[in-house]
$ cat start_19.cif   # mmCIF, C-alpha atoms
data_input
#
loop_
_atom_site.group_PDB
_atom_site.id
_atom_site.type_symbol
_atom_site.label_atom_id
_atom_site.label_comp_id
_atom_site.auth_asym_id
_atom_site.auth_seq_id
_atom_site.Cartn_x
_atom_site.Cartn_y
_atom_site.Cartn_z
ATOM 1 C CA PHE T 169 47.440 -52.056 45.429
ATOM 2 C CA TYR T 170 49.596 -50.195 47.946
ATOM 3 C CA PHE T 171 48.352 -49.400 51.426
ATOM 4 C CA PHE T 172 50.790 -47.676 53.779
ATOM 5 C CA ILE T 173 50.427 -46.906 57.446
ATOM 6 C CA ARG T 174 52.721 -44.916 59.719
ATOM 7 C CA ILE T 175 52.746 -46.266 63.282
ATOM 8 C CA ASN T 176 54.579 -45.103 66.372
ATOM 9 C CA SER T 177 57.805 -47.089 66.782
ATOM 10 C CA ARG T 178 56.775 -48.246 70.259
ATOM 11 C CA ILE T 179 53.782 -50.027 68.747
ATOM 12 C CA LEU T 180 56.027 -51.583 66.134
ATOM 13 C CA ASN T 181 58.489 -52.789 68.726
ATOM 14 C CA LYS T 182 55.694 -54.317 70.793
ATOM 15 C CA HIS T 183 53.868 -56.155 68.025
ATOM 16 C CA LEU T 184 56.348 -56.616 65.174
ATOM 17 C CA GLN T 185 59.770 -56.610 66.875
ATOM 18 C CA ILE T 186 61.182 -53.877 64.654
ATOM 19 C CA HIS T 187 63.660 -51.433 66.122
ATOM 20 C CA GLU T 188 64.183 -48.653 63.566
ATOM 21 C CA GLN T 189 62.896 -45.271 64.627
ATOM 22 C CA ASP T 190 60.766 -44.221 61.640
ATOM 23 C CA HIS T 191 58.669 -46.561 59.536
ATOM 24 C CA PHE T 192 56.077 -46.695 56.875
ATOM 25 C CA LEU T 193 54.245 -49.984 56.632
ATOM 26 C CA LEU T 194 52.400 -51.411 53.688
ATOM 27 C CA ILE T 195 49.484 -53.600 54.712
ATOM 28 C CA SER T 196 47.858 -56.005 52.286
ATOM 29 C CA ASP T 197 45.869 -58.882 53.710
ATOM 30 C CA SER T 198 48.286 -60.759 56.029
ATOM 31 C CA TYR T 199 51.424 -59.034 54.833
ATOM 32 C CA VAL T 200 53.104 -55.929 56.163
ATOM 33 C CA ILE T 201 55.813 -54.250 54.131
ATOM 34 C CA HIS T 202 58.395 -51.960 55.667
ATOM 35 C CA GLY T 203 59.102 -48.903 53.578
ATOM 36 C CA GLY T 204 62.553 -48.323 55.068
ATOM 37 C CA LEU T 205 62.661 -44.559 54.420
ATOM 38 C CA SER T 206 65.525 -42.843 56.207
ATOM 39 C CA ALA T 207 65.447 -39.421 57.830
ATOM 40 C CA SER T 208 67.852 -38.132 55.165
ATOM 41 C CA GLN T 209 65.502 -39.315 52.425
ATOM 42 C CA TYR T 210 62.668 -37.362 54.025
ATOM 43 C CA GLN T 211 64.766 -34.234 54.271
ATOM 44 C CA ASN T 212 66.305 -34.206 50.800
ATOM 45 C CA GLY T 213 63.231 -35.537 48.994
ATOM 46 C CA SER T 214 65.084 -38.443 47.367
ATOM 47 C CA ALA T 215 62.401 -40.942 48.419
ATOM 48 C CA ASP T 216 59.969 -41.763 45.624
ATOM 49 C CA CYS T 217 56.797 -39.775 46.248
ATOM 50 C CA PHE T 218 54.745 -41.800 43.797
ATOM 51 C CA LYS T 219 55.774 -45.368 44.632
ATOM 52 C CA GLN T 220 57.589 -46.877 47.608
ATOM 53 C CA ASN T 221 60.384 -49.440 47.322
ATOM 54 C CA PRO T 222 59.505 -51.585 50.353
ATOM 55 C CA HIS T 223 61.105 -54.604 52.031
ATOM 56 C CA THR T 224 58.695 -57.391 52.878
ATOM 57 C CA PHE T 225 58.063 -59.484 55.983
ATOM 58 C CA ARG T 226 55.106 -61.343 57.456
ATOM 59 C CA SER T 227 52.802 -60.124 60.178
ATOM 60 C CA SER T 228 49.404 -61.164 61.457
ATOM 61 C CA ASN T 229 46.488 -59.127 60.154
ATOM 62 C CA ARG T 230 45.894 -56.022 62.282
ATOM 63 C CA SER T 231 42.105 -56.348 62.378
ATOM 64 C CA SER T 232 42.330 -59.946 63.602
ATOM 65 C CA ARG T 233 44.096 -58.568 66.667
ATOM 66 C CA GLY T 234 41.363 -55.988 67.172
ATOM 67 C CA GLU T 235 43.657 -53.062 66.375
ATOM 68 C CA TYR T 236 42.037 -50.028 64.785
ATOM 69 C CA LEU T 237 43.408 -46.569 64.149
ATOM 70 C CA PRO T 238 41.981 -43.667 66.148
ATOM 71 C CA TYR T 239 39.334 -41.264 64.925
ATOM 72 C CA PRO T 240 39.021 -38.625 63.717
ATOM 73 C CA VAL T 241 40.563 -39.401 60.357
ATOM 74 C CA LEU T 242 41.493 -36.510 58.086
ATOM 75 C CA VAL T 243 41.993 -36.967 54.354
ATOM 76 C CA VAL T 244 45.142 -34.950 53.668
ATOM 77 C CA GLY T 245 45.788 -35.762 50.026
ATOM 78 C CA PRO T 246 44.758 -33.494 47.148
ATOM 79 C CA SER T 247 41.263 -33.011 45.835
ATOM 80 C CA LYS T 248 40.398 -34.911 42.637
ATOM 81 C CA ALA T 249 42.060 -37.993 44.108
ATOM 82 C CA GLY T 250 39.059 -39.919 45.338
ATOM 83 C CA THR T 251 37.868 -37.719 48.186
ATOM 84 C CA SER T 252 34.206 -38.159 47.212
ATOM 85 C CA SER T 253 34.623 -41.943 47.079
ATOM 86 C CA ILE T 254 36.258 -41.913 50.506
ATOM 87 C CA ASP T 255 33.405 -39.783 51.820
ATOM 88 C CA ASN T 256 30.872 -42.253 50.428
ATOM 89 C CA LEU T 257 32.703 -45.107 52.137
ATOM 90 C CA PHE T 258 32.725 -43.536 55.590
ATOM 91 C CA ARG T 259 29.343 -41.818 55.368
ATOM 92 C CA GLY T 260 27.677 -44.918 53.964
ATOM 93 C CA SER T 261 29.073 -46.845 56.914
ATOM 94 C CA GLY T 262 27.231 -44.543 59.312
ATOM 95 C CA ILE T 263 30.259 -42.453 60.257
ATOM 96 C CA VAL T 264 29.700 -38.697 60.513
ATOM 97 C CA THR T 265 31.747 -36.960 57.825
ATOM 98 C CA ARG T 266 32.559 -33.445 56.690
ATOM 99 C CA HIS T 267 33.240 -33.032 52.999
ATOM 100 C CA TYR T 268 34.152 -29.750 51.319
ATOM 101 C CA ASP T 269 31.042 -27.641 51.853
ATOM 102 C CA ASN T 270 29.067 -29.138 54.730
ATOM 103 C CA CYS T 271 30.965 -27.730 57.691
ATOM 104 C CA LEU T 272 29.081 -26.165 60.558
ATOM 105 C CA THR T 273 28.721 -22.453 61.024
ATOM 106 C CA THR T 274 25.659 -20.661 62.398
ATOM 107 C CA GLY T 275 23.478 -23.623 61.482
ATOM 108 C CA LYS T 276 23.995 -23.747 57.697
ATOM 109 C CA ASP T 277 26.302 -25.408 55.213
ATOM 110 C CA TYR T 278 29.705 -23.832 54.745
ATOM 111 C CA ARG T 279 32.981 -24.513 52.953
ATOM 112 C CA CYS T 280 35.246 -26.452 55.314
ATOM 113 C CA GLY T 281 38.418 -24.644 54.266
ATOM 114 C CA ILE T 282 36.873 -21.245 54.999
ATOM 115 C CA CYS T 283 35.477 -22.417 58.328
ATOM 116 C CA ILE T 284 38.794 -23.922 59.435
ATOM 117 C CA LYS T 285 40.764 -20.804 58.485
ATOM 118 C CA LYS T 286 38.369 -18.427 60.238
ATOM 119 C CA SER T 287 38.286 -20.648 63.339
ATOM 120 C CA ILE T 288 42.069 -20.621 63.617
ATOM 121 C CA GLU T 289 42.236 -16.858 63.071
ATOM 122 C CA THR T 290 39.769 -16.293 65.918
ATOM 123 C CA GLY T 291 41.509 -18.707 68.290
ATOM 124 C CA LEU T 292 38.855 -21.428 68.122
ATOM 125 C CA PRO T 293 39.572 -25.168 67.733
ATOM 126 C CA PRO T 294 38.967 -25.739 64.009
ATOM 127 C CA LEU T 295 37.738 -29.336 64.078
ATOM 128 C CA LYS T 296 35.280 -28.908 66.908
ATOM 129 C CA THR T 297 34.101 -25.543 65.596
ATOM 130 C CA CYS T 298 33.560 -26.716 62.023
ATOM 131 C CA GLY T 299 32.548 -30.306 62.634
ATOM 132 C CA GLY T 300 30.864 -30.397 66.000
ATOM 133 C CA THR T 301 31.450 -33.132 68.564
ATOM 134 C CA PHE T 302 30.562 -36.228 66.563
ATOM 135 C CA THR T 303 32.459 -35.804 63.269
ATOM 136 C CA ASN T 304 34.880 -38.707 62.821
ATOM 137 C CA ALA T 305 35.947 -38.342 59.182
ATOM 138 C CA TRP T 306 37.065 -35.215 57.356
ATOM 139 C CA THR T 307 37.089 -36.275 53.725
ATOM 140 C CA GLN T 308 37.898 -32.984 51.968
ATOM 141 C CA ILE T 309 39.050 -29.933 53.854
ATOM 142 C CA ASP T 310 40.765 -27.874 51.144
ATOM 143 C CA TYR T 311 39.162 -24.943 49.382
ATOM 144 C CA THR T 312 40.239 -23.569 45.989
ATOM 145 C CA ASP T 313 37.867 -21.016 44.545
ATOM 146 C CA TYR T 314 38.163 -17.958 42.346
ATOM 147 C CA PHE T 315 34.523 -17.554 41.339
ATOM 148 C CA PRO T 316 33.199 -14.076 42.348
ATOM 149 C CA GLU T 317 29.683 -15.377 43.005
ATOM 150 C CA HIS T 318 31.011 -17.808 45.600
ATOM 151 C CA LEU T 319 32.974 -15.092 47.370
ATOM 152 C CA LEU T 320 29.769 -13.075 47.672
ATOM 153 C CA GLN T 321 27.753 -16.108 48.765
ATOM 154 C CA TYR T 322 30.118 -16.965 51.587
ATOM 155 C CA LYS T 323 30.980 -13.331 52.407
ATOM 156 C CA THR T 324 34.691 -13.967 52.302
ATOM 157 C CA ASN T 325 37.840 -12.890 50.495
ATOM 158 C CA ILE T 326 39.452 -16.302 51.049
ATOM 159 C CA LEU T 327 40.277 -17.604 47.601
ATOM 160 C CA CYS T 328 42.360 -20.629 48.469
ATOM 161 C CA TYR T 329 43.073 -22.484 51.696
ATOM 162 C CA TRP T 330 44.412 -26.004 52.159
ATOM 163 C CA PRO T 331 44.499 -26.930 55.871
ATOM 164 C CA GLN T 332 46.501 -30.055 55.010
ATOM 165 C CA ILE T 333 49.234 -27.652 53.916
ATOM 166 C CA GLN T 334 48.591 -24.476 55.880
ATOM 167 C CA ALA T 335 47.057 -25.672 59.155
ATOM 168 C CA LEU T 336 48.614 -28.994 60.134
ATOM 169 C CA ASP T 337 50.145 -27.439 63.262
ATOM 170 C CA ALA T 338 46.759 -26.134 64.426
ATOM 171 C CA ILE T 339 45.116 -29.494 63.746
ATOM 172 C CA HIS T 340 47.888 -31.226 65.680
ATOM 173 C CA ARG T 341 47.465 -28.907 68.654
ATOM 174 C CA GLU T 342 43.747 -29.631 68.793
ATOM 175 C CA ASN T 343 43.978 -33.372 68.209
ATOM 176 C CA PRO T 344 47.508 -34.837 68.397
ATOM 177 C CA THR T 345 46.273 -38.407 67.805
ATOM 178 C CA ALA T 346 44.159 -37.831 64.685
ATOM 179 C CA THR T 347 44.829 -40.252 61.854
ATOM 180 C CA PHE T 348 45.891 -38.832 58.491
ATOM 181 C CA LEU T 349 44.731 -40.517 55.288
ATOM 182 C CA LEU T 350 46.904 -39.678 52.273
ATOM 183 C CA ASN T 351 44.941 -40.551 49.151
ATOM 184 C CA TYR T 352 46.812 -41.481 45.991
ATOM 185 C CA ARG T 353 46.018 -41.970 42.322
ATOM 186 C CA ASP T 354 48.156 -42.126 39.215
ATOM 187 C CA VAL T 355 49.643 -38.634 39.005
ATOM 188 C CA ASP T 356 48.931 -38.195 35.280
ATOM 189 C CA SER T 357 45.312 -39.219 35.843
ATOM 190 C CA TRP T 358 45.179 -36.709 38.711
ATOM 191 C CA ILE T 359 46.531 -33.931 36.484
ATOM 192 C CA SER T 360 43.974 -34.764 33.793
ATOM 193 C CA SER T 361 41.151 -34.642 36.348
ATOM 194 C CA VAL T 362 42.393 -31.347 37.799
ATOM 195 C CA ARG T 363 42.440 -29.800 34.341
ATOM 196 C CA ARG T 364 38.888 -30.927 33.589
ATOM 197 C CA TRP T 365 37.315 -29.779 36.876
ATOM 198 C CA GLY T 366 36.284 -26.151 36.452
ATOM 199 C CA ASN T 367 39.797 -25.054 35.497
ATOM 200 C CA LEU T 368 41.057 -26.225 38.883
ATOM 201 C CA ALA T 369 44.628 -26.376 37.599
ATOM 202 C CA HIS T 370 44.648 -22.618 36.969
ATOM 203 C CA ARG T 371 42.907 -21.890 40.269
ATOM 204 C CA LEU T 372 45.399 -24.066 42.116
ATOM 205 C CA SER T 373 48.312 -22.214 40.508
ATOM 206 C CA MET T 374 47.012 -18.989 42.094
ATOM 207 C CA CYS T 375 47.301 -20.409 45.617
ATOM 208 C CA PRO T 376 50.169 -18.963 47.676
ATOM 209 C CA PHE T 377 51.822 -22.360 48.167
ATOM 210 C CA PHE T 378 51.884 -23.315 44.462
ATOM 211 C CA GLU T 379 55.091 -22.565 42.571
ATOM 212 C CA GLY T 380 54.877 -21.259 39.021
ATOM 213 C CA GLU T 381 52.194 -21.742 36.391
ATOM 214 C CA ALA T 382 49.951 -24.774 36.105
ATOM 215 C CA THR T 383 52.214 -26.806 33.827
ATOM 216 C CA ASP T 384 52.214 -30.587 34.065
ATOM 217 C CA GLU T 385 55.722 -30.435 35.490
ATOM 218 C CA ASN T 386 54.712 -28.007 38.236
ATOM 219 C CA LEU T 387 51.587 -30.015 39.059
ATOM 220 C CA ARG T 388 53.726 -33.157 39.451
ATOM 221 C CA LYS T 389 56.113 -31.228 41.666
ATOM 222 C CA PHE T 390 53.223 -29.955 43.791
ATOM 223 C CA PHE T 391 51.872 -33.502 44.156
ATOM 224 C CA CYS T 392 55.274 -34.868 45.150
ATOM 225 C CA ASP T 393 56.114 -32.001 47.503
ATOM 226 C CA HIS T 394 52.807 -32.442 49.284
ATOM 227 C CA VAL T 395 53.338 -36.171 49.802
ATOM 228 C CA MET T 396 56.754 -35.503 51.318
ATOM 229 C CA ARG T 397 55.387 -32.656 53.432
ATOM 230 C CA VAL T 398 52.751 -34.892 55.029
ATOM 231 C CA ARG T 399 55.248 -37.695 55.618
ATOM 232 C CA ARG T 400 57.712 -35.328 57.272
ATOM 233 C CA PHE T 401 54.984 -33.905 59.481
ATOM 234 C CA VAL T 402 53.983 -37.349 60.738
ATOM 235 C CA ARG T 403 57.603 -38.312 61.207
ATOM 236 C CA ASP T 404 58.125 -35.206 63.356
ATOM 237 C CA ASN T 405 54.814 -35.739 65.199
ATOM 238 C CA PRO T 406 54.684 -39.519 65.786
ATOM 239 C CA SER T 407 51.503 -39.384 67.866
ATOM 240 C CA HIS T 408 49.680 -39.420 64.515
ATOM 241 C CA ALA T 409 49.173 -42.427 62.263
ATOM 242 C CA LEU T 410 49.437 -41.986 58.510
ATOM 243 C CA VAL T 411 47.594 -44.228 56.053
ATOM 244 C CA GLU T 412 48.434 -44.029 52.350
ATOM 245 C CA VAL T 413 45.882 -45.560 50.003
ATOM 246 C CA ASN T 414 45.690 -45.936 46.221
ATOM 247 C CA ILE T 415 42.075 -45.033 45.540
ATOM 248 C CA GLU T 416 42.124 -46.523 42.050
ATOM 249 C CA ASP T 417 42.307 -50.064 43.416
ATOM 250 C CA PRO T 418 38.902 -51.788 43.668
ATOM 251 C CA LEU T 419 39.851 -53.323 47.036
ATOM 252 C CA ALA T 420 40.726 -50.004 48.674
ATOM 253 C CA GLY T 421 37.545 -50.037 50.780
ATOM 254 C CA GLU T 422 38.288 -53.510 52.114
ATOM 255 C CA HIS T 423 41.732 -52.476 53.246
ATOM 256 C CA LEU T 424 40.455 -49.323 54.923
ATOM 257 C CA ALA T 425 37.823 -51.407 56.713
ATOM 258 C CA LYS T 426 40.627 -53.423 58.283
ATOM 259 C CA VAL T 427 42.069 -50.437 60.131
ATOM 260 C CA PHE T 428 39.069 -48.128 60.710
ATOM 261 C CA LYS T 429 36.389 -49.426 63.047
ATOM 262 C CA GLY T 430 32.866 -49.366 61.658
ATOM 263 C CA VAL T 431 33.828 -49.019 57.995
ATOM 264 C CA ASN T 432 31.773 -51.243 55.701
ATOM 265 C CA ALA T 433 33.709 -52.006 52.536
ATOM 266 C CA SER T 434 30.503 -52.552 50.540
ATOM 267 C CA TYR T 435 30.144 -48.788 50.253
#
$ encode --input "start_19.cif" --output "structure tokens"
Amino acid sequence: FYFFIRINSRILNKHLQIHEQDHFLLISDSYVIHGGLSASQYQNGSADCFKQNPHTFRSSNRSSRGEYLPYPVLVVGPSKAGTSSIDNLFRGSGIVTRHYDNCLTTGKDYRCGICIKKSIETGLPPLKTCGGTFTNAWTQIDYTDYFPEHLLQYKTNILCYWPQIQALDAIHRENPTATFLLNYRDVDSWISSVRRWGNLAHRLSMCPFFEGEATDENLRKFFCDHVMRVRRFVRDNPSHALVEVNIEDPLAGEHLAKVFKGVNASY
């Protein structure tokens, strides 16, 4: 199980006596593992986007020191990588969540990706507009749809919108301390799931940010590019924390409960 967290270097210096500027940490029980990724690795993409090669050292458990990451938390990994399970974890714990199609607009359910895009285009804060005041977990914000009946239902021509790719700057402006949760699973399992889910692979290939056709090679490249994109964004905007979690591990909920206040791992 791998569980990574990006923390501002000032926090690291205070609690862990580490002096490098950019860090990813892997937290597992009482151990913290330093990812040691350099700025050049971020820029040229040479860092492994599927598995870190960390260096290990001891640290006290974060939750025992009463340290939790700030809300709201936004799941910024791809769909079909455990977003529903993450939603069940937070929602079951009593935390207000927004997941895919239950975002606020004129009092009825609405696709979150559409709501976020329209909010930004009209100059409104997307999180407050689409989630209200009390939403603390955004568990799936992307929207990939090429079904004509859905376009009529939601009165939109928006076919594809991934805020975790296309709107990170707007989210940062609204909430510069939001925590990002980058959900992982085995990439081949992810590709298999994408292909089985309503031809999502083909729909994804029609998005403006996807390169080429929906081959396995291009899907792997998309997965890897997105991981590096999120990491670079957090590196360049260190007011955010970034948590990376392998959702296929049965103890994932327990580890998330250690860093998010109110999360009950039993869900």
$ resolve_selection --input "start_19.cif" --expression "the PyMOL selection byres ((chain T and resi 310) around 6)" --output "list in words"
Gly281, Gln308, Ile309, Tyr311, Tyr329 and Trp330 of chain T
$ closest_atom_pairs --input "start_19.cif" --of "stretch 247-275 of chain T" --to "stretch 376-391 of chain T" --cutoff "12 Å" --atoms "all atoms listed in the file" --output "CSV"
residue,atom,partner,partner_atom,distance
T:Ser247,CA,T:Phe391,CA,10.8
T:Lys248,CA,T:Phe391,CA,11.7
T:Ala249,CA,T:Phe391,CA,10.8
$ atom_distance --input "start_19.cif" --atom1 "atom CA of T:Cys328" --atom2 "atom CA of T:Leu372"
7.8 Å
$ atom_distance --input "start_19.cif" --atom1 "atom CA of T:Asn351" --atom2 "atom CA of T:Leu424"
11.4 Å
$ closest_residue --input "start_19.cif" --among "T:Met374, T:Met396, T:Cys280, T:Ala305" --to "T:Gly260" --atoms "only C-alpha atoms"
T:Ala305
$ atom_distance --input "start_19.cif" --atom1 "atom CA of T:Pro331" --atom2 "atom CA of T:Phe348"
12.3 Å
$ closest_residue --input "start_19.cif" --among "T:Leu237, T:Cys217, T:Ala369, T:Cys392" --to "T:Ala409" --atoms "only C-alpha atoms"
T:Leu237
$ residues_near_point --input "start_19.cif" --point "(54.2, -38.2, 64.2)" --cutoff "9 Å" --atoms "all atoms listed in the file" --output "number ranges by chain"
T: 174-176, 344-345, 399-410
$ closest_residue --input "start_19.cif" --among "T:Val395, T:Leu272, T:Ile254, T:Val243" --to "T:Glu416" --atoms "only C-alpha atoms"
T:Ile254
$ closest_residue --input "start_19.cif" --among "T:Thr347, T:Ser360, T:Ser373, T:Ser287" --to "T:Val411" --atoms "all atoms listed in the file"
T:Thr347
